[in-house]
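Since the structure comes first, as structure tokens, the remarks are kept for the end.
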Amino acid sequence: MKDFEYFTNMASEDPEGFWATRAEALDWFRKWDRILDETSTPIPTWFEGGRINATWNCVDRHVASGHGEQTAIRFESPFTNCSRTLTYAELLDRVSKLAGALSKRGITVGDRVLIYMPNSPEAIIAMLACARIGAIHSVVFGGFAAAELAVRIDDCEPNAILTASCGIEGKKILPYQPIIEDALNLARYTPNFVVFWQREEQPANLSGQPKHNAAVIDWNAAIEDADPVDCVPVDSTHPLYILYTSGTTGQPKGVVRDTGGYLTALAWTMNAVYDCPSEATFWAASDVGWVVGHSYMGYGPLLARCTTIIFEGKPVGTPDAGIFWRTIAQHKVRTFFTAPTAIRAIRQADPEASFLKDVDLSHLKIIFLAGERTDPDTLEWLAEKVGVPVIDHWWQTETGWPICANPSGIELLPVKAGSTGPALPGWHVCCLDDRGEEVAREDTGALAIRLPLPPGAAPTLWNAADRYHQAYLSRFEGYYQSGDAGFIDEGGYVHVMGRTDDVINVAGHRLSSSAIEEILAKHDAVADCAVIGVADQLKGELPHGFVVLKAGEPREAAVLKSELVAAVRKQIGPVASFKTVHIVQRLPKTRSGKILRRTMRQIADGQPVSIPATIEDPRVLDDYYQLYAAVC
């Protein structure tokens, strides 16, 4: 760990010098007056006084240095059987013209633009066009219901909406125009105009009378009628975007991302963490509406002059469980990033990895997983089948880039299945008890990060600084509270075991749901699993397990349940009181792959159920209502 320790010590002993060196990799219109301003509240700010532009650093500078013909974006849509490629020069042309169309209609520095788009090059073009002129974009996942969209419109008050005529999932076409119209009727605030990117699968009707007062504009017509515009320098601390994440109260939290600090961190991680140099191909199999889509589909790879892949499809069923492997082979992907739930879905459909036999993955050097905790069995299965290192790492919407990871571009450390690796330079991760004191190594506690946070972490919530303080800074003075629980081992590796409210209290014994899930996942019949704590009059809570079986599993349910209960009792002991296993067809998840354990608990306990707008398929919950109705 010599090289990694060197970087970690530099960031700890001289954070201003460390990050100033990293910032030199970017083009600045004006250098900063102060690197770190710890007087700013609630979070210290970075590169105060600096002037920069995200789009210049992602696109223009590469074209100006002679790399305009390099491929910037490769688009693959199994949903529509479509492939497209954009060079950096072509990307610059489209971004600058869309930015010109927005400027022509009055959009300027600080205005908000809401982007409601499917995974597509146009979504990235929209983000970059906003950043080019200093507008603040807020990407909302295409497919959110009108009510959820209306809440976000009212919160950020966008001057414009950039959208598509439809989204596509498998054989299902989802028209966006009715959702937009319903949302604008529900919202108190109305933008000046809505721009539709027309898709041939279902174009929007732009000639009719809309149900709202916003002007309706055709994307292509707007671009053809506009002149390209240059990049506008903005303050380093200027918000680049607002990204909404679900709040525990049901009110979404608008995470604000600054510009200079964020670009500095992303540019550094592309090499230091992901080992993906310029001209290599990087694929983050995410959605543009999530933080991974912002950081590592859009800004990160383009900052590093990599080729980024945008994928409109699913890991299975479009058309089969081999689509990821064929895409990696076709485009010679060097670094691949996806969610563990995607790998579990692939494993369930193809447990022997038969689709790997006919593809050439020789260009693939490493795989990264994030979004949900990766159980060791899934990580080891993937590493064995693919034959490259598989790295679980930990970060959040609020942090913008990884907190913990195996820094493959600095040095590849030993992989510990079940751990997200050590804290990266700049992140001071501690494990605290309820009094805010550090616990002993290997003991479980709340994972918190000592202030100041490094560049790129969210400095506040949109129009809600007090709420930011309450949510993240109020519990432990001098720390950012992550909301995750886990432990730090003797080697300094961080083990994230789940959210703090996923700890199950059985007769005073605190058990990690992830620890039980890890045991269930090791069973050779289990493809995916989840464990929740269900209220019990005698013991307070009891753990209930839910397992999805691998395709073609022949054994009887009663036999499998007995084996799973026995495995937990053997490894954790009778203290777990683990007796209940349900075999289910699917687990309820968000579109980014997070299991909705809180919703499952609410159903099991007969409480009012809060269903997040990010749920992938609400119909899955019907099985759980029926299950607990039968149990009760």
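Note on naming: chains are A, B, ... as they come in the structure tokens, residues start from 1 per chain, ligands start from 1 in the order shown.
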
Spatial neighbours of segment 515-529 of chain A, 10 Å, only C-alpha atoms, chain gap at least 4 places, as a PyMOL selection string: chain A and resi 340-341+343-349+351+373-378+418+497-498+503+511+543-555+560+563-565+567-572+576+578+581-587+595

DSSP strand (DSSP E) residues within segment 527-631 of chain A, listed as a ChimeraX atom specification: /A:527-536,540-549,580-583

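Here atom CA of Gly261 of chain A stands at a distance of 20.6 Å from atom CA of Thr245 of chain A.
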
I need the helix (DSSP H, G or I) residues of segment 319-401 of chain A per DSSP on the backbone, written as a ChimeraX atom specification. /A:323-330,340-349,354-356,376-386

Residues from last step as file, C-alpha atoms, as a CSV table (one decimal), in the first residue's frame:
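Produced file selection-v5.csv, reproduced below:
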```
chain,number,residue,atom,x,y,z
A,323,ILE,CA,-26.0,-8.3,-23.6
A,324,PHE,CA,-23.6,-6.7,-21.2
A,325,TRP,CA,-20.7,-9.0,-22.2
A,326,ARG,CA,-21.3,-8.5,-25.9
A,327,THR,CA,-21.4,-4.7,-25.5
A,328,ILE,CA,-18.2,-4.7,-23.5
A,329,ALA,CA,-16.6,-6.8,-26.3
A,330,GLN,CA,-18.0,-4.8,-29.2
A,340,PRO,CA,-24.6,-5.5,-8.0
A,341,THR,CA,-28.3,-6.0,-8.6
A,342,ALA,CA,-27.6,-6.2,-12.3
A,343,ILE,CA,-25.0,-8.9,-11.8
A,344,ARG,CA,-27.4,-10.8,-9.6
A,345,ALA,CA,-30.0,-10.6,-12.3
A,346,ILE,CA,-27.5,-11.9,-14.9
A,347,ARG,CA,-26.4,-14.7,-12.6
A,348,GLN,CA,-30.0,-15.7,-11.9
A,349,ALA,CA,-30.7,-16.0,-15.6
A,354,SER,CA,-22.7,-19.5,-20.7
A,355,PHE,CA,-23.0,-16.2,-22.5
A,356,LEU,CA,-19.4,-15.4,-21.7
A,376,PRO,CA,-19.1,-11.7,-1.3
A,377,ASP,CA,-20.6,-14.6,-3.2
A,378,THR,CA,-21.8,-12.4,-6.1
A,379,LEU,CA,-18.4,-10.6,-6.2
A,380,GLU,CA,-16.4,-13.9,-6.2
A,381,TRP,CA,-18.7,-15.4,-8.8
A,382,LEU,CA,-18.3,-12.5,-11.2
A,383,ALA,CA,-14.5,-12.3,-10.7
A,384,GLU,CA,-14.2,-16.1,-11.4
A,385,LYS,CA,-16.4,-16.0,-14.5
A,386,VAL,CA,-15.0,-12.9,-16.1
```

Extract, using only C-alpha atoms, all DNA, RNA and protein residues at most 10 Å from Gly606 of chain A, discarding same-chain residues fewer than 6 positions from it, and format them as a PyMOL selection string. chain A and resi 535+600+625+628-629+632

Distance criterion (only C-alpha atoms): nearest to Lys104 of chain A out of A:Glu541, A:Glu490, A:Glu90, A:Asp227: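 Closest candidate: A:Asp227.
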
List as a PyMOL selection string the protein and nucleic acid residues near Ala339 of chain A, meaning an atom at most 12 Å away when only C-alpha atoms are counted, but skip any in the same chain fewer than 4 places from it. chain A and resi 284-287+292+314-315+343-346+367-375+378-379+390-394+589-595

Counting only C-alpha atoms, the option among A:Ala222, A:Val255, A:Thr39, A:Trp401 closest to Met270 of chain A: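 Going through A:Ala222, A:Val255, A:Thr39, A:Trp401 one by one, the smallest distance to Met270 of chain A is for A:Trp401.
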
For atom CA of Gln202 of chain A and atom CA of Leu98 of chain A, the interatomic separation in Å (one decimal):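 Straight-line distance from atom CA of Gln202 of chain A to atom CA of Leu98 of chain A works out to 22.1 Å.
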
Using only C-alpha atoms, which residues sit within 7 Å of Leu243 of chain A once same-chain residues fewer than 6 positions away are excluded, as a list in words? Ser138, Val139, Gly254, Val255 and Val256 of chain A

Print the selection's residues with all heavy atoms to a file, as a compact mmCIF listing (two decimals), in the first residue's frame.
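Below is the file that was written, selection-v5.txt:
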```
# COMPACT_ATOMS: atom_id res chain seq x y z
N SER A 138 -31.20 20.25 -13.85
CA SER A 138 -31.75 19.31 -12.89
C SER A 138 -32.36 18.16 -13.66
O SER A 138 -33.44 18.29 -14.25
CB SER A 138 -32.80 19.99 -11.99
OG SER A 138 -33.28 19.06 -11.03
N VAL A 139 -31.64 17.05 -13.71
CA VAL A 139 -32.10 15.89 -14.46
C VAL A 139 -33.05 15.08 -13.60
O VAL A 139 -32.72 14.71 -12.47
CB VAL A 139 -30.92 15.01 -14.92
CG1 VAL A 139 -31.42 13.81 -15.72
CG2 VAL A 139 -29.93 15.83 -15.74
N GLY A 254 -32.96 18.32 -2.90
CA GLY A 254 -32.24 18.79 -4.08
C GLY A 254 -30.77 18.98 -3.78
O GLY A 254 -30.34 20.04 -3.34
N VAL A 255 -29.98 17.93 -4.02
CA VAL A 255 -28.55 17.99 -3.76
C VAL A 255 -27.90 18.93 -4.77
O VAL A 255 -28.08 18.79 -5.98
CB VAL A 255 -27.93 16.58 -3.87
CG1 VAL A 255 -26.40 16.66 -3.82
CG2 VAL A 255 -28.46 15.69 -2.75
N VAL A 256 -27.16 19.91 -4.28
CA VAL A 256 -26.48 20.89 -5.12
C VAL A 256 -25.04 20.46 -5.33
O VAL A 256 -24.36 20.06 -4.39
CB VAL A 256 -26.53 22.28 -4.48
CG1 VAL A 256 -25.70 23.28 -5.28
CG2 VAL A 256 -27.97 22.77 -4.37
```

Report as a list in words all protein, DNA and RNA residues lying within 9 Å of His62 of chain A, evaluated on only C-alpha atoms, omitting residues in the same chain fewer than 6 positions from it. Trp56, Gly68, Tyr88, Ala89, Leu303 and Arg305 of chain A

Within 7 Å of segment 144-156 of chain A, counting only C-alpha atoms, which residues show up once you throw out same-chain ones fewer than 4 positions away? Write them as a ChimeraX atom specification, please. /A:112,179-180,182-184,186-189,613

Have a look at A:Tyr241, A:Val288, A:Thr80, A:Tyr262 and name the one nearest to Gly142 of chain A; count only C-alpha atoms.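 Smallest separation from Gly142 of chain A among the options: A:Val288.
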